[in-house]
Amino acid sequence: MYQGLSNHQNDEKIPPLCRHCSKTWSGCKRRGDRGCYFSRYPIIYKEYKKFEQANNGYLVADIKIKDDTIRVINMQLWSMGIRVGRVVGQMKDNDYTDAKREGRGIIASLKKGFERHRDEIASISRVINNSPYPVILCGDFNETPYGLAYGTVRDRLKNSFEEAGKGFGFTLNRSPKWVRIDNQFFSKELDITSFKTHSEIPYSDHYPIFSSYKLKNKRQPSM
C-alpha cells in the first residue's frame, strides 16, 4: 500500500505480482496525491473516507486470500505542520524574535492537531470495531507513541514494531529525525513474522516500513 502516490508516476512502477488495484484520490487536487493498495489477491470491498475539513482520511480494503479475508486500513491523521528546523535555524542566526513567534505557532498547531486526532481516531476505531475480519492498520499517525491516537489503537491492536521491530524504528526523514510516527498494527487473529524500517530508502520525508503476517487459524470470522 502507498500514501502520497503522485498521479505523474506511471503504472510501469507497479510491482508485477500486484494484480489487483484499489486507488482513490485524497482530495488534494493541487498536489495530486492519493492513497492506494496493490494486491496479488482480489479486493472484494473498498471504502474511502476523507476526514471533515481535511485532505487526509483512510482507505479500507477487504482482501480475499484463498478461503480467508483480512481488512487492511491505510490512514493518515492530521499533520501537525511543525517544522522544528525553522526554530533551530533561527536560534543559530540569533533571530530570537522569529524563533519565539515560531515556537508559539508550534504550540497552537499542536493544540489543533491533538483535537483533530481525537475525532479522526474515533472514526478509525469504529471501522476496527465493526470489522468482521482480522485487521491490519497502517499509516502516518503524525504523532509519537505517547499520543492519544496511538494509545487508542494500541488498546485494540498489537503494534508491529513493538512485536517484531529492532532498534528505535524512527520513520521521519527530516528534522526532528528521532521520532516514530508511521506505524502498523494488527489484530489478535494474526501473527507477525517480520518487521523492518527501511531507513536506507531516502525518496520521501518518511521511511517506508515493511511487515509480514500470517493467520493463526483458517476459520472465516462470522459476519
# chains A, B, ... in the order shown; residues from 1 in each chain; ligands from 1

call {"tool": "select_by_dssp", "arguments": {"residues": "segment 103-186 of chain A", "states": "strand (DSSP E or B)", "output": "PDB file with N, CA, C and O atoms, in the first residue's frame"}}
result
ATOM      1  N   VAL A 135      -7.785  -7.468  11.232  1.00  0.00           N
ATOM      2  CA  VAL A 135      -7.443  -6.126  10.754  1.00  0.00           C
ATOM      3  C   VAL A 135      -5.932  -5.902  10.777  1.00  0.00           C
ATOM      4  O   VAL A 135      -5.244  -6.294  11.721  1.00  0.00           O
ATOM      5  N   ILE A 136      -5.440  -5.269   9.717  1.00  0.00           N
ATOM      6  CA  ILE A 136      -4.107  -4.667   9.707  1.00  0.00           C
ATOM      7  C   ILE A 136      -4.305  -3.178   9.470  1.00  0.00           C
ATOM      8  O   ILE A 136      -4.923  -2.784   8.480  1.00  0.00           O
ATOM      9  N   LEU A 137      -3.826  -2.369  10.381  1.00  0.00           N
ATOM     10  CA  LEU A 137      -3.946  -0.910  10.288  1.00  0.00           C
ATOM     11  C   LEU A 137      -2.566  -0.331  10.048  1.00  0.00           C
ATOM     12  O   LEU A 137      -1.623  -0.612  10.787  1.00  0.00           O
ATOM     13  N   CYS A 138      -2.437   0.472   9.005  1.00  0.00           N
ATOM     14  CA  CYS A 138      -1.152   1.059   8.647  1.00  0.00           C
ATOM     15  C   CYS A 138      -1.328   2.551   8.395  1.00  0.00           C
ATOM     16  O   CYS A 138      -2.391   2.992   7.962  1.00  0.00           O
ATOM     17  N   GLY A 139      -0.275   3.315   8.663  1.00  0.00           N
ATOM     18  CA  GLY A 139      -0.378   4.698   8.262  1.00  0.00           C
ATOM     19  C   GLY A 139       0.494   5.666   9.025  1.00  0.00           C
ATOM     20  O   GLY A 139       1.280   5.307   9.899  1.00  0.00           O
ATOM     21  N   ASP A 140       0.305   6.916   8.660  1.00  0.00           N
ATOM     22  CA  ASP A 140       1.031   8.045   9.235  1.00  0.00           C
ATOM     23  C   ASP A 140       0.189   8.627  10.363  1.00  0.00           C
ATOM     24  O   ASP A 140      -0.832   9.267  10.121  1.00  0.00           O
ATOM     25  N   LYS A 158      -2.268  -4.949  18.317  1.00  0.00           N
ATOM     26  CA  LYS A 158      -0.851  -5.014  18.642  1.00  0.00           C
ATOM     27  C   LYS A 158      -0.059  -4.137  17.675  1.00  0.00           C
ATOM     28  O   LYS A 158      -0.384  -4.053  16.493  1.00  0.00           O
ATOM     29  N   ASN A 159       1.000  -3.509  18.186  1.00  0.00           N
ATOM     30  CA  ASN A 159       1.858  -2.689  17.339  1.00  0.00           C
ATOM     31  C   ASN A 159       2.961  -3.549  16.733  1.00  0.00           C
ATOM     32  O   ASN A 159       3.652  -4.289  17.436  1.00  0.00           O
ATOM     33  N   LEU A 172      10.898   9.283  10.463  1.00  0.00           N
ATOM     34  CA  LEU A 172      10.848  10.610   9.852  1.00  0.00           C
ATOM     35  C   LEU A 172      12.205  10.959   9.260  1.00  0.00           C
ATOM     36  O   LEU A 172      13.223  10.955   9.962  1.00  0.00           O
ATOM     37  N   ASP A 182       5.125   6.696  11.911  1.00  0.00           N
ATOM     38  CA  ASP A 182       4.471   5.788  10.965  1.00  0.00           C
ATOM     39  C   ASP A 182       4.394   4.407  11.614  1.00  0.00           C
ATOM     40  O   ASP A 182       5.385   3.914  12.167  1.00  0.00           O
ATOM     41  N   ASN A 183       3.230   3.785  11.525  1.00  0.00           N
ATOM     42  CA  ASN A 183       3.013   2.568  12.285  1.00  0.00           C
ATOM     43  C   ASN A 183       2.167   1.546  11.537  1.00  0.00           C
ATOM     44  O   ASN A 183       1.419   1.896  10.618  1.00  0.00           O
ATOM     45  N   GLN A 184       2.305   0.298  11.976  1.00  0.00           N
ATOM     46  CA  GLN A 184       1.396  -0.772  11.592  1.00  0.00           C
ATOM     47  C   GLN A 184       0.902  -1.441  12.872  1.00  0.00           C
ATOM     48  O   GLN A 184       1.665  -1.625  13.824  1.00  0.00           O
ATOM     49  N   PHE A 185      -0.373  -1.786  12.865  1.00  0.00           N
ATOM     50  CA  PHE A 185      -0.993  -2.527  13.969  1.00  0.00           C
ATOM     51  C   PHE A 185      -1.727  -3.729  13.388  1.00  0.00           C
ATOM     52  O   PHE A 185      -2.135  -3.699  12.226  1.00  0.00           O
ATOM     53  N   PHE A 186      -1.931  -4.759  14.206  1.00  0.00           N
ATOM     54  CA  PHE A 186      -2.633  -5.939  13.707  1.00  0.00           C
ATOM     55  C   PHE A 186      -3.436  -6.574  14.828  1.00  0.00           C
ATOM     56  O   PHE A 186      -3.129  -6.444  16.011  1.00  0.00           O
TER      57      PHE A 186
END

call {"tool": "atom_distance", "arguments": {"atom1": "atom CA of Asn55 of chain A", "atom2": "atom CA of Glu120 of chain A"}}
result
12.2 Å

call {"tool": "residues_around", "arguments": {"residues": "segment 147-150 of chain A", "least_positions_apart": "4", "cutoff": "12 Å", "atoms": "only C-alpha atoms", "output": "MDAnalysis selection string"}}
result
chainID A and resid 75:78 110 113:125 137:143 154:159 180:185

call {"tool": "atom_distance", "arguments": {"atom1": "atom CA of Lys166 of chain A", "atom2": "atom CA of Phe195 of chain A"}}
result
8.2 Å

call {"tool": "atom_distance", "arguments": {"atom1": "atom CA of Arg126 of chain A", "atom2": "atom CA of Val60 of chain A"}}
result
12.3 Å

call {"tool": "residues_around", "arguments": {"residues": "Tyr203 of chain A", "least_positions_apart": "3", "cutoff": "12 Å", "atoms": "only C-alpha atoms", "output": "list in words"}}
result
Gly4, Leu5, Leu172, Asn173, Arg174, His198, Ser199, Glu200, His206, Tyr207 and Pro208 of chain A

call {"tool": "residues_around", "arguments": {"residues": "Lys49 of chain A", "least_positions_apart": "2", "cutoff": "8 Å", "atoms": "only C-alpha atoms", "output": "PyMOL selection string"}}
result
chain A and resi 47+51+57-59

call {"tool": "write_last_selection", "arguments": {"atoms": "all heavy atoms", "output": "JSON list (two decimals), in the first residue's frame"}}
result
[["chain", "number", "residue", "atom", "x", "y", "z"],
["A", 47, "GLU", "N", -13.45, 1.08, 0.55],
["A", 47, "GLU", "CA", -14.16, 2.26, 1.04],
["A", 47, "GLU", "C", -13.14, 3.34, 1.35],
["A", 47, "GLU", "O", -12.05, 3.06, 1.87],
["A", 47, "GLU", "CB", -14.93, 1.91, 2.32],
["A", 47, "GLU", "CG", -15.58, 3.10, 3.01],
["A", 47, "GLU", "CD", -16.13, 2.74, 4.38],
["A", 47, "GLU", "OE1", -16.15, 1.54, 4.72],
["A", 47, "GLU", "OE2", -16.52, 3.66, 5.12],
["A", 51, "PHE", "N", -11.56, 12.83, 6.07],
["A", 51, "PHE", "CA", -11.98, 13.45, 7.30],
["A", 51, "PHE", "C", -12.53, 14.85, 7.06],
["A", 51, "PHE", "O", -12.17, 15.52, 6.08],
["A", 51, "PHE", "CB", -10.80, 13.52, 8.28],
["A", 51, "PHE", "CG", -10.30, 12.20, 8.75],
["A", 51, "PHE", "CD1", -8.96, 11.87, 8.65],
["A", 51, "PHE", "CD2", -11.18, 11.25, 9.27],
["A", 51, "PHE", "CE1", -8.50, 10.64, 9.08],
["A", 51, "PHE", "CE2", -10.72, 10.01, 9.69],
["A", 51, "PHE", "CZ", -9.38, 9.71, 9.60],
["A", 57, "GLY", "N", -7.41, 11.17, 5.30],
["A", 57, "GLY", "CA", -8.51, 10.27, 5.61],
["A", 57, "GLY", "C", -8.02, 8.85, 5.69],
["A", 57, "GLY", "O", -6.86, 8.60, 6.01],
["A", 58, "TYR", "N", -8.91, 7.89, 5.36],
["A", 58, "TYR", "CA", -8.50, 6.50, 5.41],
["A", 58, "TYR", "C", -9.12, 5.72, 4.25],
["A", 58, "TYR", "O", -10.18, 6.06, 3.73],
["A", 58, "TYR", "CB", -8.85, 5.84, 6.74],
["A", 58, "TYR", "CG", -10.33, 5.77, 7.06],
["A", 58, "TYR", "CD1", -11.13, 4.73, 6.58],
["A", 58, "TYR", "CD2", -10.93, 6.72, 7.88],
["A", 58, "TYR", "CE1", -12.47, 4.65, 6.88],
["A", 58, "TYR", "CE2", -12.28, 6.65, 8.19],
["A", 58, "TYR", "CZ", -13.04, 5.61, 7.70],
["A", 58, "TYR", "OH", -14.38, 5.55, 7.99],
["A", 59, "LEU", "N", -8.43, 4.66, 3.87],
["A", 59, "LEU", "CA", -8.86, 3.78, 2.79],
["A", 59, "LEU", "C", -8.93, 2.36, 3.33],
["A", 59, "LEU", "O", -7.98, 1.87, 3.94],
["A", 59, "LEU", "CB", -7.86, 3.83, 1.62],
["A", 59, "LEU", "CG", -8.09, 2.92, 0.43],
["A", 59, "LEU", "CD1", -9.41, 3.26, -0.26],
["A", 59, "LEU", "CD2", -6.93, 3.04, -0.56]]

call {"tool": "residues_around", "arguments": {"residues": "Glu189 of chain A", "least_positions_apart": "5", "cutoff": "9 Å", "atoms": "only C-alpha atoms", "output": "VMD selection string"}}
result
chain A and resid 133 to 135 214 to 217

call {"tool": "write_last_selection", "arguments": {"atoms": "C-alpha atoms", "output": "mmCIF file, in the first residue's frame"}}
result
data_model
loop_
_atom_site.group_PDB
_atom_site.id
_atom_site.type_symbol
_atom_site.label_atom_id
_atom_site.label_comp_id
_atom_site.auth_asym_id
_atom_site.auth_seq_id
_atom_site.Cartn_x
_atom_site.Cartn_y
_atom_site.Cartn_z
ATOM 1 C CA TYR A 133 -12.336 -9.797 9.590
ATOM 2 C CA PRO A 134 -8.865 -9.638 11.139
ATOM 3 C CA VAL A 135 -7.443 -6.126 10.754
ATOM 4 C CA LYS A 214 0.223 -14.939 8.908
ATOM 5 C CA LEU A 215 -3.201 -16.009 10.125
ATOM 6 C CA LYS A 216 -3.265 -18.021 13.331
ATOM 7 C CA ASN A 217 -6.166 -20.169 12.135
#

call {"tool": "decode", "arguments": {"residues": "segment 124-151 of chain A", "atoms": "N, CA, C and O atoms", "output": "PDB file, in the first residue's frame"}}
result
ATOM      1  N   ILE A 124     -11.646   5.895  12.997  1.00  0.00           N
ATOM      2  CA  ILE A 124     -10.856   4.701  12.729  1.00  0.00           C
ATOM      3  C   ILE A 124     -11.237   3.571  13.687  1.00  0.00           C
ATOM      4  O   ILE A 124     -11.360   2.402  13.303  1.00  0.00           O
ATOM      5  N   SER A 125     -11.452   3.912  14.943  1.00  0.00           N
ATOM      6  CA  SER A 125     -11.808   2.903  15.940  1.00  0.00           C
ATOM      7  C   SER A 125     -13.116   2.211  15.591  1.00  0.00           C
ATOM      8  O   SER A 125     -13.266   0.993  15.787  1.00  0.00           O
ATOM      9  N   ARG A 126     -14.077   2.967  15.063  1.00  0.00           N
ATOM     10  CA  ARG A 126     -15.353   2.362  14.667  1.00  0.00           C
ATOM     11  C   ARG A 126     -15.156   1.372  13.534  1.00  0.00           C
ATOM     12  O   ARG A 126     -15.788   0.296  13.506  1.00  0.00           O
ATOM     13  N   VAL A 127     -14.289   1.710  12.582  1.00  0.00           N
ATOM     14  CA  VAL A 127     -14.023   0.794  11.471  1.00  0.00           C
ATOM     15  C   VAL A 127     -13.369  -0.487  11.985  1.00  0.00           C
ATOM     16  O   VAL A 127     -13.707  -1.600  11.547  1.00  0.00           O
ATOM     17  N   ILE A 128     -12.451  -0.353  12.937  1.00  0.00           N
ATOM     18  CA  ILE A 128     -11.797  -1.533  13.524  1.00  0.00           C
ATOM     19  C   ILE A 128     -12.811  -2.388  14.269  1.00  0.00           C
ATOM     20  O   ILE A 128     -12.888  -3.607  14.085  1.00  0.00           O
ATOM     21  N   ASN A 129     -13.601  -1.749  15.112  1.00  0.00           N
ATOM     22  CA  ASN A 129     -14.548  -2.493  15.955  1.00  0.00           C
ATOM     23  C   ASN A 129     -15.627  -3.185  15.143  1.00  0.00           C
ATOM     24  O   ASN A 129     -16.138  -4.247  15.546  1.00  0.00           O
ATOM     25  N   ASN A 130     -16.003  -2.601  14.015  1.00  0.00           N
ATOM     26  CA  ASN A 130     -17.080  -3.161  13.201  1.00  0.00           C
ATOM     27  C   ASN A 130     -16.597  -4.147  12.139  1.00  0.00           C
ATOM     28  O   ASN A 130     -17.408  -4.698  11.395  1.00  0.00           O
ATOM     29  N   SER A 131     -15.311  -4.374  12.081  1.00  0.00           N
ATOM     30  CA  SER A 131     -14.779  -5.258  11.049  1.00  0.00           C
ATOM     31  C   SER A 131     -15.138  -6.715  11.328  1.00  0.00           C
ATOM     32  O   SER A 131     -14.911  -7.217  12.437  1.00  0.00           O
ATOM     33  N   PRO A 132     -15.650  -7.434  10.332  1.00  0.00           N
ATOM     34  CA  PRO A 132     -15.920  -8.869  10.503  1.00  0.00           C
ATOM     35  C   PRO A 132     -14.669  -9.722  10.291  1.00  0.00           C
ATOM     36  O   PRO A 132     -14.725 -10.939  10.434  1.00  0.00           O
ATOM     37  N   TYR A 133     -13.564  -9.081   9.926  1.00  0.00           N
ATOM     38  CA  TYR A 133     -12.336  -9.797   9.590  1.00  0.00           C
ATOM     39  C   TYR A 133     -11.172  -9.325  10.459  1.00  0.00           C
ATOM     40  O   TYR A 133     -11.217  -8.250  11.057  1.00  0.00           O
ATOM     41  N   PRO A 134     -10.097 -10.117  10.508  1.00  0.00           N
ATOM     42  CA  PRO A 134      -8.865  -9.638  11.139  1.00  0.00           C
ATOM     43  C   PRO A 134      -8.388  -8.350  10.461  1.00  0.00           C
ATOM     44  O   PRO A 134      -8.557  -8.175   9.251  1.00  0.00           O
ATOM     45  N   VAL A 135      -7.785  -7.468  11.232  1.00  0.00           N
ATOM     46  CA  VAL A 135      -7.443  -6.126  10.754  1.00  0.00           C
ATOM     47  C   VAL A 135      -5.932  -5.902  10.777  1.00  0.00           C
ATOM     48  O   VAL A 135      -5.244  -6.294  11.721  1.00  0.00           O
ATOM     49  N   ILE A 136      -5.440  -5.269   9.717  1.00  0.00           N
ATOM     50  CA  ILE A 136      -4.107  -4.667   9.707  1.00  0.00           C
ATOM     51  C   ILE A 136      -4.305  -3.178   9.470  1.00  0.00           C
ATOM     52  O   ILE A 136      -4.923  -2.784   8.480  1.00  0.00           O
ATOM     53  N   LEU A 137      -3.826  -2.369  10.381  1.00  0.00           N
ATOM     54  CA  LEU A 137      -3.946  -0.910  10.288  1.00  0.00           C
ATOM     55  C   LEU A 137      -2.566  -0.331  10.048  1.00  0.00           C
ATOM     56  O   LEU A 137      -1.623  -0.612  10.787  1.00  0.00           O
ATOM     57  N   CYS A 138      -2.437   0.472   9.005  1.00  0.00           N
ATOM     58  CA  CYS A 138      -1.152   1.059   8.647  1.00  0.00           C
ATOM     59  C   CYS A 138      -1.328   2.551   8.395  1.00  0.00           C
ATOM     60  O   CYS A 138      -2.391   2.992   7.962  1.00  0.00           O
ATOM     61  N   GLY A 139      -0.275   3.315   8.663  1.00  0.00           N
ATOM     62  CA  GLY A 139      -0.378   4.698   8.262  1.00  0.00           C
ATOM     63  C   GLY A 139       0.494   5.666   9.025  1.00  0.00           C
ATOM     64  O   GLY A 139       1.280   5.307   9.899  1.00  0.00           O
ATOM     65  N   ASP A 140       0.305   6.916   8.660  1.00  0.00           N
ATOM     66  CA  ASP A 140       1.031   8.045   9.235  1.00  0.00           C
ATOM     67  C   ASP A 140       0.189   8.627  10.363  1.00  0.00           C
ATOM     68  O   ASP A 140      -0.832   9.267  10.121  1.00  0.00           O
ATOM     69  N   PHE A 141       0.627   8.393  11.590  1.00  0.00           N
ATOM     70  CA  PHE A 141      -0.117   8.873  12.752  1.00  0.00           C
ATOM     71  C   PHE A 141       0.158  10.346  13.046  1.00  0.00           C
ATOM     72  O   PHE A 141      -0.596  10.994  13.769  1.00  0.00           O
ATOM     73  N   ASN A 142       1.246  10.865  12.518  1.00  0.00           N
ATOM     74  CA  ASN A 142       1.624  12.256  12.777  1.00  0.00           C
ATOM     75  C   ASN A 142       1.652  12.576  14.271  1.00  0.00           C
ATOM     76  O   ASN A 142       1.340  13.698  14.685  1.00  0.00           O
ATOM     77  N   GLU A 143       2.018  11.603  15.072  1.00  0.00           N
ATOM     78  CA  GLU A 143       2.260  11.803  16.492  1.00  0.00           C
ATOM     79  C   GLU A 143       3.096  10.645  17.015  1.00  0.00           C
ATOM     80  O   GLU A 143       3.194   9.595  16.377  1.00  0.00           O
ATOM     81  N   THR A 144       3.696  10.829  18.172  1.00  0.00           N
ATOM     82  CA  THR A 144       4.585   9.825  18.744  1.00  0.00           C
ATOM     83  C   THR A 144       3.780   8.735  19.445  1.00  0.00           C
ATOM     84  O   THR A 144       2.561   8.871  19.628  1.00  0.00           O
ATOM     85  N   PRO A 145       4.439   7.650  19.869  1.00  0.00           N
ATOM     86  CA  PRO A 145       3.731   6.587  20.596  1.00  0.00           C
ATOM     87  C   PRO A 145       3.130   7.023  21.927  1.00  0.00           C
ATOM     88  O   PRO A 145       2.433   6.225  22.561  1.00  0.00           O
ATOM     89  N   TYR A 146       3.397   8.240  22.361  1.00  0.00           N
ATOM     90  CA  TYR A 146       2.824   8.721  23.615  1.00  0.00           C
ATOM     91  C   TYR A 146       1.519   9.486  23.404  1.00  0.00           C
ATOM     92  O   TYR A 146       0.929   9.987  24.349  1.00  0.00           O
ATOM     93  N   GLY A 147       1.073   9.581  22.139  1.00  0.00           N
ATOM     94  CA  GLY A 147      -0.112  10.354  21.830  1.00  0.00           C
ATOM     95  C   GLY A 147      -1.411   9.588  22.042  1.00  0.00           C
ATOM     96  O   GLY A 147      -1.430   8.362  22.189  1.00  0.00           O
ATOM     97  N   LEU A 148      -2.518  10.337  22.025  1.00  0.00           N
ATOM     98  CA  LEU A 148      -3.846   9.765  22.235  1.00  0.00           C
ATOM     99  C   LEU A 148      -4.207   8.760  21.148  1.00  0.00           C
ATOM    100  O   LEU A 148      -4.723   7.667  21.431  1.00  0.00           O
ATOM    101  N   ALA A 149      -3.961   9.095  19.887  1.00  0.00           N
ATOM    102  CA  ALA A 149      -4.343   8.218  18.785  1.00  0.00           C
ATOM    103  C   ALA A 149      -3.621   6.878  18.875  1.00  0.00           C
ATOM    104  O   ALA A 149      -4.224   5.809  18.723  1.00  0.00           O
ATOM    105  N   TYR A 150      -2.331   6.932  19.101  1.00  0.00           N
ATOM    106  CA  TYR A 150      -1.534   5.707  19.222  1.00  0.00           C
ATOM    107  C   TYR A 150      -2.056   4.848  20.369  1.00  0.00           C
ATOM    108  O   TYR A 150      -2.256   3.638  20.221  1.00  0.00           O
ATOM    109  N   GLY A 151      -2.284   5.471  21.513  1.00  0.00           N
ATOM    110  CA  GLY A 151      -2.759   4.736  22.677  1.00  0.00           C
ATOM    111  C   GLY A 151      -4.128   4.116  22.468  1.00  0.00           C
ATOM    112  O   GLY A 151      -4.396   2.998  22.922  1.00  0.00           O
TER     113      GLY A 151
END
